[in-house]
Amino acid sequence: MKKISKLLLALSFVFSLTTSAFAVTVASWGGAYTESQKLGYGDPTAKKLGIPINWVDYSGGLSEIKAQKEAGAITWDIMDVFAMDTINGCDEGLFVKFDFDKDFPPAPDGTPASKDFFTGMPSECAVGNILYSWNYAYNSDNVKGTPKTIKDFFNTKKFPGKRAIYKGALTNLEIALAADGVKPGKGGAKIYKALNTEKGVQRAMDKIKELCTDPKGGCVFWSAGAQPPELLMSGEVVMATGWNGRFFNATVGEGAPIVQVWDAQGLDYEYFVLVKGSPNEADAKKALAEMTSTEGLAGSAKYIAYAPWRKSSISVMQKGEPWYKDGKTNMVPNMPTAPANTKNYFLVDPLYWADNGTELGEKWEAMKAGF
Amino acid sequence: MSSENKQILTTDGTPLEVSLKKAEKKNKIKAFLLVAPLLLFIIITYVFPIGDMLMRSVDDKMVTEMLPKTYKSMEKWDGKELPPEEVFEAFYIDFQKLIEEEKEGKLSTQLNYTKNGFKSIIKKLRRKSKSFEEGNYKEQIMAVHRRWADVEYWRAIKRRAPAYTYQKYLKGMDMYENEKGEIVNVSEDRRVHRILWLRTLEIAFFVTVFCFLMAYPIAHLLATLPMKYSNLLMICVLLPFWTSLLVRTASWMILLQQQGIVNDFFVTIGLVTDDNRVEMMYNKTGSYVAMTQILLPFMVLPLYSVMKTISPSLMRAGKSLGGTPFVAFWKVYFPLTIPGIGAGCLLVFILAIGYYITPALVGGASGTLISNQIAFHMKSTLDWSFASAMGLMLLSGVLVIYWLYNKLVGIDNIKLG
């Protein structure tokens, strides 16, 4: 039975093989994000190395690559994944483990790659791509006063109105604790210490419950990244958590009166992984090193407000300001990693979520059912 | 005359009976060959995947084979208190072998399915075990992380001992088998699957009812109008079919949200005040409205095809025999449409039960359905065996409904056109 279904899977993948069998195939999220990758470092790399790069869209998660692997017909070489997926995929043996400083070039000043990135990698299979932020924003037309802190997000007396929060527990528990008075500490260590106890989780859930059941507050749960700015623009909610790149796009791209608040923002990452046993593993490795080089990563920030992971890329941007593609917007202050934005922040801990994600998800859903 | 003489022969001398059988056999083979592609198609796309799912949902050999020594030594352990030193030692030996084969990551993923929290402590154990000294493994392992000294985690390991298991099905019902072999509920704050099953059924049921209530008059109108009008109306029914699901969902959001068009209209005509707008979106109402509209054609089409075949003279006959219009409808027309109702309701219900993108967008706090959970385990945790188990539970739920329908209405009484 298993063999036959494997054969079938294999067949279906053989049929779906694209014509460009020698190109390096990168699976990413599509839309403006993939566009920024393609223009920022995809095309320059392809030109420099003479390796054609083929971008395909996928909707995240590891199910497709696991199916490709089980079928023995892997068609993707590189994937753009969440932190948790690098851990799970590395554990499952789906991805190549890196010898970091050998596989990736040092910064222009000679700093080895492992020191040039903002933090260590969550697994041996990951190389950093961008940093993005889970922050919150408000529509200045609909809010009286100026919310400044994470406490204001939960303060329905001062700022009445509905809030939009992410549909899952991820990052919501963290900001709830931060608003409840837990100081994040270095990289959010104190928040995760609290969340490692039942009491801490309960405290966070209670805080969310209080906000969502408050007649002056109330919650709308968003599931797609395009929703938060949309909900703010239509006036459906007064404040919304979301991804900073989306808010940036609404403000700079479309001129919306949306203001971002960076207090207690959650820095999260996007990684590249190299698929083990992919058709063009050697070429893919070369291309990956080029794409994640100092110049490469800085390139993508020209097109989207997500921060390049290498510290040296920031200096490249600083020298080249205004860096945004419109030729007049300075990008460095809009980066989640900018000093003004990182006065109070936490690093989303992928290992914590890999460990506890399922159980917390169940508790979260059970809590939502009680609203 | 002997019987041999009675036998009729064909021109080439073979008995007619044999020749006939031959021809018939040929025909049978031809007929079989004609349906063979379809049969093959069904086997390939239906029987094998479901068989594969069934296997995945009960097959738990992987962990059993990863920790052979541990499970052997655990046989005598009653699970009441922390296991004895020999279990720790066996686990350590198994674990070292897994590290050599680079399989300890897989073990951590598997054990994390049974009890959350294994991922990090196995990673930690891998790092620390390099400097372990011989002997007294219990203390050394327990010193790595406090969870290793928690009997719950060792019970979780023991639970994975059998090569075949129905644990995933229990988990789908928020239950598990404890160390004494009793089936017990998980802690109360985690009992979410039952809520999701009920919610899924509830939403699918009401969407079916709403679809029926709306589709019946539409189908009747379509079936009775002259061709040129009914064709136009048919296009209106089918139009949503040609629009992307996400576009339709987004349009409903624009219409129904609190600052949306419908609410604006209500405020303008003074039906509600500005700060008291109706909540029609981000709750179950949102799911009902959006899903009913999306699934409506699946109800209209079977109803229409059945109603089209009902002769209008039947209603006239009913009325001329003395029935009021209602009686004539109820006693004559309605029973004739039952095959279409059955087909439409089954179609809509089965489709609705598997919906998850639309409710996630418009359903608010109640927007998570059982299919979201299946998708989550397929994509994110990679717990395909649990996803398979829930998928099969969903499938058997549909089969039960199909069986009920067969008992109540009769499956021959179903008509798609």
# chains A, B, ... in the order shown; residues from 1 in each chain; ligands from 1
>>> select_by_dssp(residues="stretch 9-137 of chain B", states="helix (DSSP H, G or I)", output="number ranges by chain")
B: 16-58, 61-66, 68-74, 85-100, 104-114, 118-129, 137
>>> closest_atom_pairs(of="chain A", to="chain B", cutoff="6 Å", atoms="only C-alpha atoms", output="CSV")
residue,atom,partner,partner_atom,distance
A:Gly61,CA,B:Lys379,CA,4.5
A:Leu62,CA,B:Lys379,CA,5.4
A:Ser63,CA,B:Lys379,CA,4.8
A:Asp91,CA,B:Gly105,CA,3.8
A:Glu92,CA,B:Lys106,CA,5.1
A:Val220,CA,B:Gly364,CA,6.0
A:Phe221,CA,B:Gly364,CA,5.5
A:Glu236,CA,B:Gln259,CA,5.7
A:Asp355,CA,B:Gly117,CA,4.6
A:Asn356,CA,B:Asn116,CA,5.2
A:Glu362,CA,B:Arg190,CA,5.4
A:Lys363,CA,B:Arg190,CA,4.8
A:Ala366,CA,B:Val192,CA,5.1
A:Lys368,CA,B:Ala365,CA,5.6
>>> write_last_selection(atoms="C-alpha atoms", output="mmCIF file, in the first residue's frame")
data_model
loop_
_atom_site.group_PDB
_atom_site.id
_atom_site.type_symbol
_atom_site.label_atom_id
_atom_site.label_comp_id
_atom_site.auth_asym_id
_atom_site.auth_seq_id
_atom_site.Cartn_x
_atom_site.Cartn_y
_atom_site.Cartn_z
ATOM 1 C CA GLY A 61 4.433 24.725 6.317
ATOM 2 C CA LEU A 62 6.403 21.594 5.638
ATOM 3 C CA SER A 63 3.740 19.306 4.248
ATOM 4 C CA ASP A 91 14.713 17.272 13.153
ATOM 5 C CA GLU A 92 12.910 15.376 10.423
ATOM 6 C CA VAL A 220 -11.425 40.715 15.867
ATOM 7 C CA PHE A 221 -9.121 37.835 14.967
ATOM 8 C CA GLU A 236 -13.633 48.194 12.080
ATOM 9 C CA ASP A 355 7.904 22.748 22.268
ATOM 10 C CA ASN A 356 4.517 24.013 23.356
ATOM 11 C CA GLU A 362 -5.559 23.906 22.164
ATOM 12 C CA LYS A 363 -5.793 26.014 25.291
ATOM 13 C CA ALA A 366 -10.722 26.453 24.254
ATOM 14 C CA LYS A 368 -11.821 31.537 22.508
#
>>> residues_around(residues="A:Asn135", least_positions_apart="3", cutoff="10 Å", atoms="only C-alpha atoms", output="PyMOL selection string")
chain A and resi 132+150+171+175+240-244+247+260-267+336+345
>>> select_by_dssp(residues="stretch 91-313 of chain A", states="strand (DSSP E or B)", output="number ranges by chain")
A: 95, 117, 127-139, 163-166, 219-222, 239-243, 258-275, 307-308, 310
>>> write_last_selection(atoms="N, CA and C atoms", output="short mmCIF file (atom, residue, chain, number, x, y, z; two decimals), in the first residue's frame")
data_model
loop_
_atom_site.label_atom_id
_atom_site.label_comp_id
_atom_site.auth_asym_id
_atom_site.auth_seq_id
_atom_site.Cartn_x
_atom_site.Cartn_y
_atom_site.Cartn_z
N PHE A 95 16.30 18.95 5.82
CA PHE A 95 17.17 20.02 5.35
C PHE A 95 18.64 19.71 5.60
N PHE A 117 25.38 38.07 11.93
CA PHE A 117 23.94 38.00 12.05
C PHE A 117 23.50 38.47 13.44
N VAL A 127 19.56 29.59 7.76
CA VAL A 127 20.34 30.81 7.58
C VAL A 127 19.37 31.98 7.52
N GLY A 128 19.68 33.04 8.26
CA GLY A 128 18.74 34.15 8.39
C GLY A 128 18.51 34.89 7.09
N ASN A 129 17.32 35.37 6.92
CA ASN A 129 16.97 36.09 5.71
C ASN A 129 16.50 37.49 6.09
N ILE A 130 15.31 37.60 6.68
CA ILE A 130 14.86 38.90 7.13
C ILE A 130 14.38 38.81 8.58
N LEU A 131 14.30 39.97 9.20
CA LEU A 131 13.65 40.10 10.50
C LEU A 131 12.41 40.92 10.28
N TYR A 132 11.32 40.47 10.83
CA TYR A 132 10.12 41.29 10.75
C TYR A 132 9.56 41.43 12.14
N SER A 133 8.59 42.31 12.26
CA SER A 133 8.11 42.62 13.60
C SER A 133 6.62 42.36 13.72
N TRP A 134 6.25 41.80 14.86
CA TRP A 134 4.85 41.77 15.26
C TRP A 134 4.67 42.99 16.15
N ASN A 135 4.23 44.09 15.57
CA ASN A 135 3.99 45.26 16.41
C ASN A 135 2.51 45.63 16.30
N TYR A 136 2.14 46.77 16.84
CA TYR A 136 0.75 47.15 16.64
C TYR A 136 0.66 48.55 16.06
N ALA A 137 -0.48 48.87 15.50
CA ALA A 137 -0.66 50.15 14.85
C ALA A 137 -2.07 50.64 15.08
N TYR A 138 -2.27 51.93 14.89
CA TYR A 138 -3.62 52.48 15.04
C TYR A 138 -3.88 53.48 13.92
N ASN A 139 -5.14 53.74 13.70
CA ASN A 139 -5.54 54.71 12.69
C ASN A 139 -5.71 56.06 13.39
N ARG A 163 -10.12 45.73 19.09
CA ARG A 163 -8.73 45.47 18.71
C ARG A 163 -8.70 44.27 17.78
N ALA A 164 -7.78 44.31 16.82
CA ALA A 164 -7.58 43.12 16.00
C ALA A 164 -6.31 42.43 16.47
N ILE A 165 -6.43 41.14 16.78
CA ILE A 165 -5.23 40.38 17.16
C ILE A 165 -5.15 39.11 16.32
N TYR A 166 -3.95 38.52 16.28
CA TYR A 166 -3.73 37.32 15.48
C TYR A 166 -4.61 36.19 15.99
N CYS A 219 -12.55 41.82 20.45
CA CYS A 219 -11.47 41.41 19.57
C CYS A 219 -11.99 40.95 18.22
N VAL A 220 -11.24 41.32 17.19
CA VAL A 220 -11.42 40.71 15.87
C VAL A 220 -10.16 39.91 15.63
N PHE A 221 -10.30 38.66 15.18
CA PHE A 221 -9.12 37.83 14.97
C PHE A 221 -8.76 37.83 13.50
N TRP A 222 -7.52 38.21 13.21
CA TRP A 222 -7.10 38.21 11.81
C TRP A 222 -6.30 36.95 11.49
N MET A 239 -7.28 49.56 16.96
CA MET A 239 -5.87 49.18 16.97
C MET A 239 -5.76 47.75 16.48
N ALA A 240 -4.62 47.44 15.90
CA ALA A 240 -4.43 46.09 15.39
C ALA A 240 -2.97 45.68 15.52
N THR A 241 -2.74 44.43 15.94
CA THR A 241 -1.40 43.89 15.83
C THR A 241 -1.22 43.43 14.39
N GLY A 242 0.03 43.37 13.96
CA GLY A 242 0.24 42.94 12.58
C GLY A 242 1.72 42.91 12.27
N TRP A 243 2.04 42.72 11.00
CA TRP A 243 3.43 42.68 10.57
C TRP A 243 3.83 44.05 10.05
N ILE A 258 -1.97 55.59 9.21
CA ILE A 258 -1.70 54.51 10.16
C ILE A 258 -0.37 54.78 10.86
N VAL A 259 -0.37 54.67 12.19
CA VAL A 259 0.83 54.92 12.97
C VAL A 259 1.25 53.63 13.67
N GLN A 260 2.52 53.30 13.55
CA GLN A 260 3.01 52.08 14.18
C GLN A 260 3.55 52.37 15.57
N VAL A 261 3.32 51.43 16.49
CA VAL A 261 3.86 51.53 17.84
C VAL A 261 4.80 50.35 18.05
N TRP A 262 6.02 50.66 18.48
CA TRP A 262 7.05 49.61 18.53
C TRP A 262 7.28 49.09 19.93
N ASP A 263 6.57 49.63 20.93
CA ASP A 263 6.80 49.16 22.29
C ASP A 263 6.42 47.68 22.41
N ALA A 264 7.31 46.90 23.03
CA ALA A 264 7.09 45.46 23.21
C ALA A 264 6.80 44.75 21.90
N GLN A 265 7.47 45.19 20.84
CA GLN A 265 7.32 44.48 19.57
C GLN A 265 8.00 43.11 19.66
N GLY A 266 7.47 42.17 18.91
CA GLY A 266 8.08 40.84 18.84
C GLY A 266 8.87 40.71 17.56
N LEU A 267 10.19 40.55 17.69
CA LEU A 267 11.00 40.36 16.49
C LEU A 267 10.94 38.90 16.09
N ASP A 268 10.60 38.66 14.87
CA ASP A 268 10.51 37.29 14.39
C ASP A 268 11.31 37.19 13.10
N TYR A 269 11.61 36.00 12.69
CA TYR A 269 12.52 35.86 11.57
C TYR A 269 11.96 34.97 10.49
N GLU A 270 12.54 35.18 9.34
CA GLU A 270 12.29 34.32 8.20
C GLU A 270 13.64 33.74 7.84
N TYR A 271 13.65 32.46 7.53
CA TYR A 271 14.92 31.80 7.23
C TYR A 271 14.90 31.17 5.85
N PHE A 272 16.10 30.93 5.34
CA PHE A 272 16.25 30.05 4.19
C PHE A 272 16.76 28.71 4.69
N VAL A 273 16.28 27.66 4.06
CA VAL A 273 16.85 26.33 4.30
C VAL A 273 17.16 25.70 2.95
N LEU A 274 18.12 24.78 2.99
CA LEU A 274 18.52 24.06 1.79
C LEU A 274 17.94 22.66 1.91
N VAL A 275 17.21 22.24 0.90
CA VAL A 275 16.55 20.94 0.97
C VAL A 275 17.57 19.83 0.74
N ALA A 307 13.75 43.88 7.84
CA ALA A 307 15.17 44.17 8.05
C ALA A 307 16.05 43.03 7.57
N PRO A 308 17.12 43.37 6.88
CA PRO A 308 18.10 42.34 6.54
C PRO A 308 18.72 41.83 7.82
N ARG A 310 21.73 40.63 8.41
CA ARG A 310 23.14 40.92 8.71
C ARG A 310 23.30 42.36 9.19
#
>>> atom_distance(atom1="atom CA of B:Tyr402", atom2="atom CA of B:Val58")
24.9 Å
>>> closest_residue(among="B:Tyr229, B:Phe349, B:Phe132, B:Tyr176", to="B:Thr200", atoms="only C-alpha atoms")
B:Phe349
>>> residues_around(residues="stretch 92-95 of chain B", least_positions_apart="6", cutoff="10 Å", atoms="only C-alpha atoms", output="MDAnalysis selection string")
chainID B and resid 65:70 86 101 103:104 107 122 125:126 129 132 137:138 141
>>> residues_around(residues="B:Phe212", least_positions_apart="3", cutoff="8 Å", atoms="only C-alpha atoms", output="ChimeraX atom specification")
/B:208-209,215-216,299,341,344-345
